[in-house]
Structures are given as C-alpha cells and as structure tokens.
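Chemist: First the structure, which I've put down as structure tokens, then a few questions once you've had a look.
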Amino acid sequence: MSHIHISDGIIPPVWWIPGYVICLAIVFSILRKTDLERIRQRVPTVAMMAAVMLVTMSVPLGFLPFHMNFAALAGMMLGPALSFVSVFVVNLILALLGHGGITAVGINTLTIGIEAALGGALFKYLKSKFGGTASAAISTLSALLLSTVLIILFLSSIGVVDIWSGEGLLHTHEEHEDHGSGDVVYRLGFVILTGWGAVLAVILAGILLETVISVLIIRFFMKVRSDIVQPVSEENRQ
Amino acid sequence: MHLSAVDQMANNGSSVFHRAGVPSKLLLVLVLLVSIIGTGHIIYLGVLIGFITVLLIVSRAQLKEIVHLLLYPAVFSSLFALFKLQESLTAGIIVILRGTGAALATLFLLATTPWIEIFAFLSAYLPGLLVDIFLFTYRSFFILADRLGNLLRSIRLRGGYHSLNPLMNIKNMASVVGLLILNSFEMSERMYKVYLLRGYTGGIPVTRNWWKLTYTDGVIIFLSLLIVIGTVILWRLW
C-alpha cells in the first residue's frame, strides 16, 4: 500500500544513491546465497507474484487515494527473501513505465521490501501458533503499519510532507484539497476530515482494506491449496 | 498500464532507432537521465525534452500512447511542484520538466527496444536468476491482465458487484484475486515445465553481437557525447 510515486529530481542524491546501493546489495546477496538449482524451480512463481503485484498496483481503489500492492501477501506466499526480489522487479518495471521515478526505485524497494519481508517472517513465525487466518491478519497489519510509518518519516525528511499537518501525504487530486489552511481535507460522502484526521482515516482505511483482502486470499488458499502458502523449507527460501 | 501498447511499438516498429543496438540506446538513455536529473537549467531541460520528442517522432512511436503514459509522471511531479512553487515559479516548472523528461527518456528506450532484447543484454551483467524473474514477470503480466479483465467482467455479469454493498464487493474481490493467483501459480508451473522441455536451463541465450556497431549506433553514441558535453558545460557555467 505504501508505494511512493516520487518523480525524478525530487529525492536528493544523498537519499536515492544509498537507497539504490543498499537495495541492490540486498537483492544481490539474496540471489548469491540461494541454491540456484532449487530456487530456479521457484522463478516462475516469484515472477507470477511480481506480475500480480504489477497488475494490482495499476488498479486504483476508487474512493481511496491508494492502491494495494500485496507485498505482505507476497511475503507470506514466497518468503521474506524472494518477496524482496520480486518487489525490486516490480518497482523497476513500474519506474521504467513512468509510475514513479527511476531514482525512487531503491527507496521504494526498501520500504515495500521491508513490508514484504516482515509480512513473510511474521506469518511464518505465527502460523503454527495462531493458524493461517489470524497470523495473516497480524502479519499484514504489522507490515503495512511499519512501511507506512517508514514512508511518512522518509517523505517528511526530504521535505515533501508536512509532518505536523499531514499535507502532501494523500496524492490524488479528487479526494483531497488544500483550502489555504495548509491542512489536508478529505471528503468521503458527507463526512469531511481535515489535517492528520484525514490522513489517518485514509491510511487506516487503506491498511484495513488490504489486510482484509489479504486475509481472505490466505483463507481461500488454506482451503483449496494450502501447499502454496510458504510451501518450501527455510533452506530453500533462505 | 499500457505495457502492451509499448510492447507493440517496440516489436513492430522499423525505424532507424529500432534497428540500433541495445548498448548504444542504453548509453543514450543513461546520459539523458543523468543530464535531466542533474541539471537545474530550465532551458536546457526544455531542449532535452524537445530532443527526446524528436527522437520519438523519428522512431514513429505512437505519440498518443506516449502522452497518455506521460500523464502519470506529469500529474505526480505537479503535486511535488506545488511545494517548490513556494520558492519560485521556475523551481516548480523544473520539477515537472525533470519528472516528465526522465519518464520520456525511458519511454523512448522501451518504445524502440523490445523488453526481451533489453533483458538479453542485461543478462550478460546481472545475475541470471534476476534476469529470469524479469523475463517471466514480463511474460506473466500480459496473461494476468487479460485474465483479471475476464474475471472482473464475469463477476459483474453474474451480479457479484454491487455499488451499494462494499462488503460483498470486498469478499468477491478477494476471491477474484485468490482465483487469479491460484490459476497463475498453476500456469507458472506448467510454463516452467514447457520451458524445461524446450531446453531452458536458465538465462537468455544472447545471439546478437553487441560489439558490432552499425552506422546508427555511431550516430547515437555521437548524440550521447553531445549531451554529455552540453551538460558538463552547463555545470561549469553554473
């Protein structure tokens, strides 16, 4: 959910260059450590999950100025490491098509990759204790909250978000307007929210929606093909 | 996301840029990106964008599709430009020009070079596994987008979508995505087996001789040098 569409030229080099370096270092180390013969069989699955994220990222939610990305779901399906790689692939393809700048790929991959990795790791840890549905809910919710906080802190640090008013966080024209007060205004039917109230309402609605859909999907898989959800052992996934 | 339109332009085009080698085009786009992101000179940015537009016209790209794809970075860079407008009008315009210019440069590459050729070239430098994931993701995207469209249409036809019943919509949407992922996973497994039967052992066999430069490659490298010189001169002047 926390994909950022920052155009090129906005993120200072002091942020995007280390972002790229760290992101590529993680991706390369994951790929270097994996057992090629074992993991090659999983390549189509990783790619398919990346394609699912690409498709869902291009579908707007209509009444919410966000779109889902299913990164936490990818983490639960593929495991933390491979989901991070698939997030990198998705972000690079999106950037090449103009959905976010090329300079934002590193930072985007790090934040969404952390979301995917945390979702996957938590799900793996909690699944045996709480079962599939509850673990999926806790994992997705925690992962989305963490990545959202990271994004807000990052946007605030580069000066495109006012941390006090929440201005700059909601990124569509239709749903929010600036009425000269510096506060965000969000309209949902007859309800009008301003400032952080508006930001939190939209963010929490987005997080809850993605969590509910992810949980329903995991439940669906548990019923029809439970082997799909994190099916390989840890040494395969690494 | 117009990926299919870009793909169609790259594969069916027969312009001088379509016949040029991938390394020279990648060099040109890299130089353009560095110049666009690195410069703060509004006229030079305008010149670079004009130059890429001429390249796109010469390559007979579908300008309507390109403009459509450019709307996305233009809208998002405009949002960030609003912050810069507090500094000056020029700073705001520079943000928009940088965002759209960088997107235009990458679109030039994608509109004149099939993804497969880009992956094939990159496979010489990047881990084979990463290139494989890119290749499979790209292939899967079209299949998934098509399937998602069909699934959503059938849901609507069978009364599974109702604008006044969001809970039902969310539940059905989760089933749609779940079914989509399930079908995709099964398809990816089949696809992998088909690839194996056809002798796939990972990576993309490169058959083109990248080092053999043609006349067009020479022109592209010359243009890249001109841009580098122009950018360096401007940096020295500023």
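Labeling convention for the structure tokens: chains A, B, ... as they appear, residues from 1 per chain, ligands from 1 in order of appearance.
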Please return, as a PyMOL selection string, all residues of chain A lying within 6 Å of chain B when only C-alpha atoms are considered.
Modeler: chain A and resi 7-9+43-45+47-48+51+96+98+213+216-217
Chemist: If you run DSSP on this backbone, which residues of stretch 65-105 of chain A come out as alpha helix (DSSP H), and could you give them as a list in words?
Modeler: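 Written out, the alpha helix (DSSP H) residues of stretch 65-105 of chain A are Ala71, Ala72, Leu73, Ala74, Gly75, Met76, Met77, Leu78, Pro80, Ala81, Leu82, Ser83, Phe84, Val85, Ser86, Val87, Phe88, Val89, Val90, Asn91, Leu92, Ile93, Leu94, Ala95, Leu96 and Val105 of chain A.
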Chemist: Might you pull out every residue within 9 Å of stretch 216-223 of chain B, with only C-alpha atoms counted and same-chain residues fewer than 3 positions away left off, and present them as an MDAnalysis selection string?
Modeler: chainID B and resid 16:17 19:25 27:28 213 226:228
Chemist: Would you write out those residues with N, CA and C atoms, as a compact mmCIF listing (two decimals), in the first residue's frame?
Modeler:
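Result written to out31.txt:
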```txt
# COMPACT_ATOMS: atom_id res chain seq x y z
N VAL B 16 14.89 3.71 -37.71
CA VAL B 16 16.34 3.61 -37.60
C VAL B 16 16.74 3.30 -36.15
N PHE B 17 15.97 3.79 -35.19
CA PHE B 17 16.29 3.53 -33.78
C PHE B 17 15.92 2.11 -33.37
N ARG B 19 16.40 -0.38 -35.22
CA ARG B 19 17.46 -1.26 -35.73
C ARG B 19 18.78 -1.08 -34.98
N ALA B 20 18.86 -0.01 -34.19
CA ALA B 20 20.11 0.26 -33.46
C ALA B 20 20.31 -0.75 -32.34
N GLY B 21 21.55 -0.90 -31.91
CA GLY B 21 21.87 -1.87 -30.87
C GLY B 21 21.41 -1.40 -29.49
N VAL B 22 21.21 -2.36 -28.60
CA VAL B 22 20.76 -2.03 -27.24
C VAL B 22 21.81 -1.22 -26.46
N PRO B 23 23.12 -1.59 -26.55
CA PRO B 23 24.09 -0.84 -25.73
C PRO B 23 24.11 0.66 -26.04
N SER B 24 24.05 1.01 -27.34
CA SER B 24 24.10 2.44 -27.68
C SER B 24 22.85 3.16 -27.20
N LYS B 25 21.69 2.50 -27.32
CA LYS B 25 20.44 3.13 -26.85
C LYS B 25 20.44 3.27 -25.32
N LEU B 27 23.07 3.59 -23.51
CA LEU B 27 24.01 4.67 -23.20
C LEU B 27 23.32 6.03 -23.35
N LEU B 28 22.60 6.18 -24.46
CA LEU B 28 21.92 7.45 -24.72
C LEU B 28 20.90 7.76 -23.61
N LEU B 213 29.24 -2.43 -34.02
CA LEU B 213 28.50 -1.17 -34.09
C LEU B 213 28.11 -0.85 -35.53
N LEU B 226 27.40 14.52 -27.35
CA LEU B 226 26.98 15.92 -27.43
C LEU B 226 26.22 16.33 -26.16
N ILE B 227 25.34 15.44 -25.69
CA ILE B 227 24.56 15.74 -24.49
C ILE B 227 25.48 15.84 -23.27
N VAL B 228 26.46 14.91 -23.21
CA VAL B 228 27.41 14.95 -22.09
C VAL B 228 28.16 16.28 -22.11
```
Chemist: Could you pull the residues within 6 Å of A:Gly75, counting only C-alpha atoms, minus those fewer than 3 positions along the same chain, as a ChimeraX atom specification?
Modeler: /A:72,78-80,83,116-117,119-120
Chemist: Would you mind telling me which residue in A:Ile152, A:Leu73, A:Leu200, A:Leu92 lies nearest to A:Arg219 when using only C-alpha atoms?
Modeler: A:Leu73
Chemist: Set the distance at 9 Å and use only C-alpha atoms: which residues neighbour B:Ser59 once local chain neighbours fewer than 4 positions away are removed? I'd like the list as a list in words.
Modeler: Gly13, Ser14, Ser15, Val16, Phe17, His18, Val54, Leu55, Phe108, Ala111 and Thr112 of chain B
Chemist: Write out the residues from the selection above, keeping C-alpha atoms, as a PDB file, in the first residue's frame.
Modeler:
```
ATOM      1  CA  GLY B  13       8.479  -0.586 -35.290  1.00  0.00           C
ATOM      2  CA  SER B  14      11.012  -0.464 -38.110  1.00  0.00           C
ATOM      3  CA  SER B  15      12.634   2.919 -37.650  1.00  0.00           C
ATOM      4  CA  VAL B  16      16.336   3.614 -37.596  1.00  0.00           C
ATOM      5  CA  PHE B  17      16.291   3.534 -33.778  1.00  0.00           C
ATOM      6  CA  HIS B  18      14.561   0.164 -33.721  1.00  0.00           C
ATOM      7  CA  VAL B  54      12.211  14.481 -31.969  1.00  0.00           C
ATOM      8  CA  LEU B  55      13.743  11.039 -31.338  1.00  0.00           C
ATOM      9  CA  PHE B 108      11.986   6.214 -25.767  1.00  0.00           C
ATOM     10  CA  ALA B 111       9.224   2.180 -27.427  1.00  0.00           C
ATOM     11  CA  THR B 112      12.203   1.318 -29.649  1.00  0.00           C
TER      12      THR B 112
END
```
Chemist: Please identify all polymer residues within 12 Å of A:Leu118, counting only C-alpha atoms, omitting same-chain residues fewer than 3 positions from it, and present them as an MDAnalysis selection string.
Modeler: chainID A and resid 71:76 79:81 83:84 110:115 121:126 136 138:147
Chemist: Take the residues from that selection and put them in a file with N, CA and C atoms, as an mmCIF file, in the first residue's frame.
Modeler:
```cif
data_model
loop_
_atom_site.group_PDB
_atom_site.id
_atom_site.type_symbol
_atom_site.label_atom_id
_atom_site.label_comp_id
_atom_site.auth_asym_id
_atom_site.auth_seq_id
_atom_site.Cartn_x
_atom_site.Cartn_y
_atom_site.Cartn_z
ATOM 1 N N ALA A 71 2.282 -6.653 -1.171
ATOM 2 C CA ALA A 71 3.664 -7.013 -0.839
ATOM 3 C C ALA A 71 3.691 -7.959 0.359
ATOM 4 N N ALA A 72 2.863 -7.658 1.373
ATOM 5 C CA ALA A 72 2.828 -8.543 2.549
ATOM 6 C C ALA A 72 2.328 -9.927 2.136
ATOM 7 N N LEU A 73 1.354 -9.947 1.241
ATOM 8 C CA LEU A 73 0.841 -11.235 0.736
ATOM 9 C C LEU A 73 1.960 -11.989 0.006
ATOM 10 N N ALA A 74 2.741 -11.244 -0.783
ATOM 11 C CA ALA A 74 3.872 -11.864 -1.495
ATOM 12 C C ALA A 74 4.844 -12.459 -0.489
ATOM 13 N N GLY A 75 5.078 -11.735 0.615
ATOM 14 C CA GLY A 75 5.964 -12.246 1.658
ATOM 15 C C GLY A 75 5.440 -13.546 2.242
ATOM 16 N N MET A 76 4.112 -13.589 2.443
ATOM 17 C CA MET A 76 3.513 -14.804 3.026
ATOM 18 C C MET A 76 3.564 -15.973 2.037
ATOM 19 N N GLY A 79 7.970 -16.096 0.982
ATOM 20 C CA GLY A 79 9.007 -15.997 1.996
ATOM 21 C C GLY A 79 9.683 -14.638 1.904
ATOM 22 N N PRO A 80 10.359 -14.215 2.983
ATOM 23 C CA PRO A 80 10.914 -12.851 3.028
ATOM 24 C C PRO A 80 11.909 -12.534 1.908
ATOM 25 N N ALA A 81 12.845 -13.426 1.658
ATOM 26 C CA ALA A 81 13.926 -13.109 0.717
ATOM 27 C C ALA A 81 13.424 -12.984 -0.722
ATOM 28 N N SER A 83 10.442 -12.554 -1.806
ATOM 29 C CA SER A 83 9.460 -11.487 -1.981
ATOM 30 C C SER A 83 10.165 -10.139 -2.126
ATOM 31 N N PHE A 84 11.303 -9.974 -1.449
ATOM 32 C CA PHE A 84 12.072 -8.732 -1.600
ATOM 33 C C PHE A 84 12.549 -8.589 -3.044
ATOM 34 N N LEU A 110 13.161 -0.683 -0.831
ATOM 35 C CA LEU A 110 13.493 -0.890 0.581
ATOM 36 C C LEU A 110 12.248 -0.857 1.461
ATOM 37 N N THR A 111 11.387 0.138 1.244
ATOM 38 C CA THR A 111 10.210 0.247 2.117
ATOM 39 C C THR A 111 9.203 -0.879 1.843
ATOM 40 N N ILE A 112 8.911 -1.118 0.560
ATOM 41 C CA ILE A 112 7.934 -2.185 0.264
ATOM 42 C C ILE A 112 8.559 -3.555 0.512
ATOM 43 N N GLY A 113 9.877 -3.649 0.272
ATOM 44 C CA GLY A 113 10.580 -4.908 0.529
ATOM 45 C C GLY A 113 10.556 -5.256 2.008
ATOM 46 N N ILE A 114 10.720 -4.223 2.852
ATOM 47 C CA ILE A 114 10.639 -4.453 4.312
ATOM 48 C C ILE A 114 9.234 -4.927 4.666
ATOM 49 N N GLU A 115 8.243 -4.317 4.018
ATOM 50 C CA GLU A 115 6.841 -4.717 4.237
ATOM 51 C C GLU A 115 6.660 -6.197 3.883
ATOM 52 N N ALA A 121 8.018 -13.039 7.310
ATOM 53 C CA ALA A 121 8.684 -13.580 8.511
ATOM 54 C C ALA A 121 7.685 -13.751 9.652
ATOM 55 N N LEU A 122 6.827 -12.737 9.852
ATOM 56 C CA LEU A 122 5.833 -12.818 10.932
ATOM 57 C C LEU A 122 4.852 -13.966 10.692
ATOM 58 N N PHE A 123 4.418 -14.093 9.447
ATOM 59 C CA PHE A 123 3.449 -15.140 9.108
ATOM 60 C C PHE A 123 4.045 -16.513 9.390
ATOM 61 N N LYS A 124 5.294 -16.681 9.003
ATOM 62 C CA LYS A 124 5.974 -17.964 9.206
ATOM 63 C C LYS A 124 6.063 -18.284 10.714
ATOM 64 N N TYR A 125 6.381 -17.237 11.474
ATOM 65 C CA TYR A 125 6.551 -17.410 12.921
ATOM 66 C C TYR A 125 5.213 -17.676 13.623
ATOM 67 N N LEU A 126 4.158 -16.958 13.175
ATOM 68 C CA LEU A 126 2.876 -17.029 13.897
ATOM 69 C C LEU A 126 1.960 -18.160 13.426
ATOM 70 N N ALA A 136 -2.179 -14.286 9.275
ATOM 71 C CA ALA A 136 -2.174 -13.440 8.074
ATOM 72 C C ALA A 136 -2.614 -12.025 8.433
ATOM 73 N N ILE A 138 -2.461 -10.458 11.433
ATOM 74 C CA ILE A 138 -1.448 -9.765 12.253
ATOM 75 C C ILE A 138 -0.239 -9.381 11.389
ATOM 76 N N SER A 139 0.186 -10.318 10.549
ATOM 77 C CA SER A 139 1.380 -10.075 9.720
ATOM 78 C C SER A 139 1.138 -8.926 8.750
ATOM 79 N N THR A 140 0.003 -8.964 8.050
ATOM 80 C CA THR A 140 -0.269 -7.923 7.060
ATOM 81 C C THR A 140 -0.406 -6.564 7.726
ATOM 82 N N LEU A 141 -1.158 -6.538 8.818
ATOM 83 C CA LEU A 141 -1.390 -5.280 9.537
ATOM 84 C C LEU A 141 -0.058 -4.685 10.033
ATOM 85 N N SER A 142 0.768 -5.521 10.657
ATOM 86 C CA SER A 142 2.052 -5.032 11.185
ATOM 87 C C SER A 142 2.941 -4.539 10.053
ATOM 88 N N ALA A 143 3.004 -5.328 8.971
ATOM 89 C CA ALA A 143 3.883 -4.964 7.851
ATOM 90 C C ALA A 143 3.443 -3.644 7.225
ATOM 91 N N LEU A 144 2.131 -3.492 7.030
ATOM 92 C CA LEU A 144 1.621 -2.261 6.401
ATOM 93 C C LEU A 144 1.834 -1.051 7.303
ATOM 94 N N LEU A 145 1.617 -1.234 8.605
ATOM 95 C CA LEU A 145 1.820 -0.113 9.530
ATOM 96 C C LEU A 145 3.280 0.326 9.539
ATOM 97 N N LEU A 146 4.179 -0.669 9.574
ATOM 98 C CA LEU A 146 5.608 -0.334 9.611
ATOM 99 C C LEU A 146 6.026 0.414 8.336
ATOM 100 N N SER A 147 5.625 -0.124 7.185
ATOM 101 C CA SER A 147 6.069 0.518 5.933
ATOM 102 C C SER A 147 5.449 1.906 5.789
#
```
Chemist: If I take atom CA of B:Thr231 and atom CA of B:Gly50, how far is one from the other in Å, to one decimal?
Modeler: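 Computing it gives 15.3 Å between the two atoms.
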